[in-house]
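S.K.: Please see the structure below; I have some questions.
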Amino acid sequence: MNMDVPAFLGGNGQLVKRRVVEEIGGWDGYAVTEDLNLSVKLMLRGYHVRYSPEAEVFQEAVSEWPAFFRQRTRWLTGNLETLFVYLAPMIDAPIGLHRKLDAIFYLFSMIFIGFVMLGYIVFILNLAGFGFRMEAPFIIGLISTVAFFPLTMSGIRMDGYSIPRTILLSIEYWAYCLYLIPLFVAAAVHMLRRRERRWAKTVHRGEGEGSE
């Protein structure tokens with residue numbers, strides 16, 4: 001089914017017409033996530049990014065936490081910067097309303113996840129007896145947690161795992177996602193410091209195929 005919603009460039013396997021890249025002024029060398037930046041610029045000009053489910057592209061996954069965390073900090077920083085720079089142009093863009101809303105939702109999704117993480121922090125602090133009165137993030141965090149497990153378990157179950165194993169993997173994945181708490185702090189610090197950008201090459205060791 002074709003929903004005609006925007007897709008975003010990301011990772012390997014991108015194909016962009018040279019003529020179009022030149023038309024929009026080329027890649028933004030200052031952007032932390034230049035592929036997301038280019039996606040939004042294309043969208044503002046009325047171009048469509050197509051997703052091909054038949055294409056298969058392999059790349060090596062990051063296997064160590066320091067490199068992984070540095071990579072994800074860069075991704076999150078780029079997402080937030082793209083949101084702040086292009087939100088107003090996106091609202092005023094002469095594109096279909098459903099495409100506009102879907103793109104804005106995508107750019108805001110990381111902010112929402114950050115709000116969920118804030119809810120977890122508030123919950124932990126309240127358990128420790130600090131008595132923080134922040135009902136909104138706590139409620140959103142609670143609702144998101146309740147919604148998280150059925151969706152995650154259904155996806156894992158579809159891969160053929162047993163019910164006990166599915167429950168265990170769901171809990172492990174939820175615990176893994178808690179790394180987003182320090183990640184948002186690191187991304188915020190990166191944005192506030194505004195130091196000169198240097199390309200942080202992700203280390204690959206050639207130890208197998210995976211996905212970033």
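The way I read the labels, and the way they are meant: chains A, B, ... in the order of the structure tokens, residue 1 as the first residue of every chain, and ligand 1 as the first ligand shown, with later ones counted on from there.
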Could I get the residues of range 36-90 of chain A with an atom no further than 12 Å from an atom of range 98-103 of chain A, each paired with its nearest atom pair and that distance in Å to one decimal, using only C-alpha atoms, sorted by chain and residue number, as CSV?
M.R.:
```
residue,atom,partner,partner_atom,distance
A:Leu36,CA,A:Ala103,CA,11.1
A:Ser39,CA,A:Ala103,CA,10.1
A:Val40,CA,A:Ala103,CA,8.4
A:Lys41,CA,A:Ala103,CA,11.8
A:Met43,CA,A:Ala103,CA,9.0
A:Leu44,CA,A:Lys100,CA,9.4
A:Gly46,CA,A:Arg99,CA,10.4
A:Tyr47,CA,A:Arg99,CA,11.4
A:His48,CA,A:Arg99,CA,10.1
A:Val49,CA,A:Arg99,CA,11.6
A:Thr82,CA,A:Ala103,CA,11.4
A:Leu83,CA,A:Ala103,CA,10.0
A:Tyr86,CA,A:Ala103,CA,10.6
A:Leu87,CA,A:Ala103,CA,9.6
A:Ala88,CA,A:Lys100,CA,11.3
A:Pro89,CA,A:Lys100,CA,10.5
A:Met90,CA,A:Lys100,CA,6.8
```
S.K.: Tell me, as a ChimeraX atom specification, which residues lie within 10 Å of Gly25 in chain A, counting only C-alpha atoms; anything in the same chain fewer than 3 positions away does not count.
M.R.: /A:20-22,28,38,41
S.K.: Write to file, as a PDB file, in the first residue's frame, the residues of the selection just made, with N, CA and C atoms.
M.R.:
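Contents of the output file part18.pdb:
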```pdb
ATOM      1  N   VAL A  20      19.766  17.013  -8.900  1.00  0.00           N
ATOM      2  CA  VAL A  20      18.939  17.475  -7.787  1.00  0.00           C
ATOM      3  C   VAL A  20      19.803  17.986  -6.650  1.00  0.00           C
ATOM      4  N   VAL A  21      20.904  17.279  -6.360  1.00  0.00           N
ATOM      5  CA  VAL A  21      21.807  17.725  -5.292  1.00  0.00           C
ATOM      6  C   VAL A  21      22.372  19.103  -5.618  1.00  0.00           C
ATOM      7  N   GLU A  22      22.742  19.315  -6.876  1.00  0.00           N
ATOM      8  CA  GLU A  22      23.267  20.619  -7.280  1.00  0.00           C
ATOM      9  C   GLU A  22      22.191  21.692  -7.198  1.00  0.00           C
ATOM     10  N   ASP A  28      25.183  19.770   2.974  1.00  0.00           N
ATOM     11  CA  ASP A  28      25.557  20.725   4.015  1.00  0.00           C
ATOM     12  C   ASP A  28      26.689  20.110   4.829  1.00  0.00           C
ATOM     13  N   LEU A  38      19.757  16.592   4.069  1.00  0.00           N
ATOM     14  CA  LEU A  38      19.462  16.562   2.643  1.00  0.00           C
ATOM     15  C   LEU A  38      18.036  16.106   2.393  1.00  0.00           C
ATOM     16  N   LYS A  41      15.724  19.047   2.917  1.00  0.00           N
ATOM     17  CA  LYS A  41      15.881  20.024   1.842  1.00  0.00           C
ATOM     18  C   LYS A  41      15.206  19.550   0.556  1.00  0.00           C
TER      19      LYS A  41
END
```
S.K.: Using only C-alpha atoms, find each residue of range 143-195 of chain A with at least one atom at most 8 Å away from an atom of range 104-116 of chain A; report its shortest atom-to-atom pair and that distance in Å (one decimal), sort the rows by chain and rising residue number, and return the result as CSV.
M.R.:
```
residue,atom,partner,partner_atom,distance
A:Ser144,CA,A:Val116,CA,7.0
A:Leu180,CA,A:Gly114,CA,7.5
A:Ile181,CA,A:Gly114,CA,7.4
A:Phe184,CA,A:Gly114,CA,6.7
```
S.K.: For range 153-156 of chain A, list every protein, DNA or RNA residue within 8 Å, evaluated using only C-alpha atoms, and leave out those in the same chain fewer than 3 positions away; present the list as a ChimeraX atom specification.
M.R.: /A:149-150,159-161,166-167,169-170
S.K.: Could you write out the selected residues, including all heavy atoms, as an mmCIF file, in the first residue's frame?
M.R.:
```cif
data_model
loop_
_atom_site.group_PDB
_atom_site.id
_atom_site.type_symbol
_atom_site.label_atom_id
_atom_site.label_comp_id
_atom_site.auth_asym_id
_atom_site.auth_seq_id
_atom_site.Cartn_x
_atom_site.Cartn_y
_atom_site.Cartn_z
ATOM 1 N N PHE A 149 5.782 -2.938 25.739
ATOM 2 C CA PHE A 149 5.930 -4.392 25.837
ATOM 3 C C PHE A 149 5.024 -5.167 24.882
ATOM 4 O O PHE A 149 5.491 -6.113 24.237
ATOM 5 C CB PHE A 149 5.745 -4.834 27.286
ATOM 6 C CG PHE A 149 6.941 -4.540 28.138
ATOM 7 C CD1 PHE A 149 6.969 -3.442 28.976
ATOM 8 C CD2 PHE A 149 8.057 -5.358 28.089
ATOM 9 C CE1 PHE A 149 8.081 -3.160 29.756
ATOM 10 C CE2 PHE A 149 9.177 -5.092 28.855
ATOM 11 C CZ PHE A 149 9.192 -3.987 29.694
ATOM 12 N N PRO A 150 3.733 -4.837 24.744
ATOM 13 C CA PRO A 150 2.932 -5.593 23.769
ATOM 14 C C PRO A 150 3.464 -5.481 22.345
ATOM 15 O O PRO A 150 3.504 -6.485 21.614
ATOM 16 C CB PRO A 150 1.544 -4.957 23.900
ATOM 17 C CG PRO A 150 1.507 -4.386 25.265
ATOM 18 C CD PRO A 150 2.898 -3.895 25.520
ATOM 19 N N ASP A 159 9.146 -13.745 15.205
ATOM 20 C CA ASP A 159 10.407 -14.371 14.786
ATOM 21 C C ASP A 159 10.525 -15.814 15.258
ATOM 22 O O ASP A 159 11.570 -16.449 15.058
ATOM 23 C CB ASP A 159 11.595 -13.559 15.303
ATOM 24 C CG ASP A 159 11.736 -12.229 14.573
ATOM 25 O OD1 ASP A 159 11.258 -12.137 13.424
ATOM 26 O OD2 ASP A 159 12.324 -11.294 15.141
ATOM 27 N N GLY A 160 9.490 -16.317 15.931
ATOM 28 C CA GLY A 160 9.463 -17.730 16.290
ATOM 29 C C GLY A 160 9.981 -18.086 17.665
ATOM 30 O O GLY A 160 10.178 -19.263 17.970
ATOM 31 N N TYR A 161 10.205 -17.090 18.520
ATOM 32 C CA TYR A 161 10.701 -17.372 19.862
ATOM 33 C C TYR A 161 9.562 -17.893 20.748
ATOM 34 O O TYR A 161 8.393 -17.562 20.539
ATOM 35 C CB TYR A 161 11.302 -16.118 20.492
ATOM 36 C CG TYR A 161 12.620 -15.697 19.871
ATOM 37 C CD1 TYR A 161 12.661 -14.711 18.887
ATOM 38 C CD2 TYR A 161 13.811 -16.283 20.269
ATOM 39 C CE1 TYR A 161 13.863 -14.319 18.312
ATOM 40 C CE2 TYR A 161 15.023 -15.891 19.708
ATOM 41 C CZ TYR A 161 15.032 -14.915 18.726
ATOM 42 O OH TYR A 161 16.224 -14.528 18.161
ATOM 43 N N THR A 166 10.486 -14.770 24.643
ATOM 44 C CA THR A 166 9.970 -13.490 24.162
ATOM 45 C C THR A 166 9.875 -12.475 25.296
ATOM 46 O O THR A 166 10.264 -11.313 25.136
ATOM 47 C CB THR A 166 8.585 -13.684 23.518
ATOM 48 O OG1 THR A 166 8.710 -14.522 22.368
ATOM 49 C CG2 THR A 166 7.980 -12.353 23.105
ATOM 50 N N ILE A 167 9.382 -12.896 26.435
ATOM 51 C CA ILE A 167 9.272 -12.007 27.596
ATOM 52 C C ILE A 167 10.654 -11.543 28.048
ATOM 53 O O ILE A 167 10.878 -10.353 28.319
ATOM 54 C CB ILE A 167 8.531 -12.713 28.746
ATOM 55 C CG1 ILE A 167 7.084 -13.009 28.333
ATOM 56 C CG2 ILE A 167 8.562 -11.857 30.016
ATOM 57 C CD1 ILE A 167 6.322 -13.827 29.347
ATOM 58 N N LEU A 169 13.495 -11.413 26.295
ATOM 59 C CA LEU A 169 14.099 -10.524 25.304
ATOM 60 C C LEU A 169 13.458 -9.137 25.334
ATOM 61 O O LEU A 169 14.146 -8.130 25.124
ATOM 62 C CB LEU A 169 13.968 -11.133 23.906
ATOM 63 C CG LEU A 169 14.845 -12.353 23.615
ATOM 64 C CD1 LEU A 169 14.520 -12.936 22.240
ATOM 65 C CD2 LEU A 169 16.322 -12.002 23.704
ATOM 66 N N SER A 170 12.159 -9.070 25.602
ATOM 67 C CA SER A 170 11.482 -7.775 25.697
ATOM 68 C C SER A 170 12.022 -6.960 26.866
ATOM 69 O O SER A 170 12.258 -5.753 26.744
ATOM 70 C CB SER A 170 9.972 -7.978 25.842
ATOM 71 O OG SER A 170 9.433 -8.642 24.734
#
```
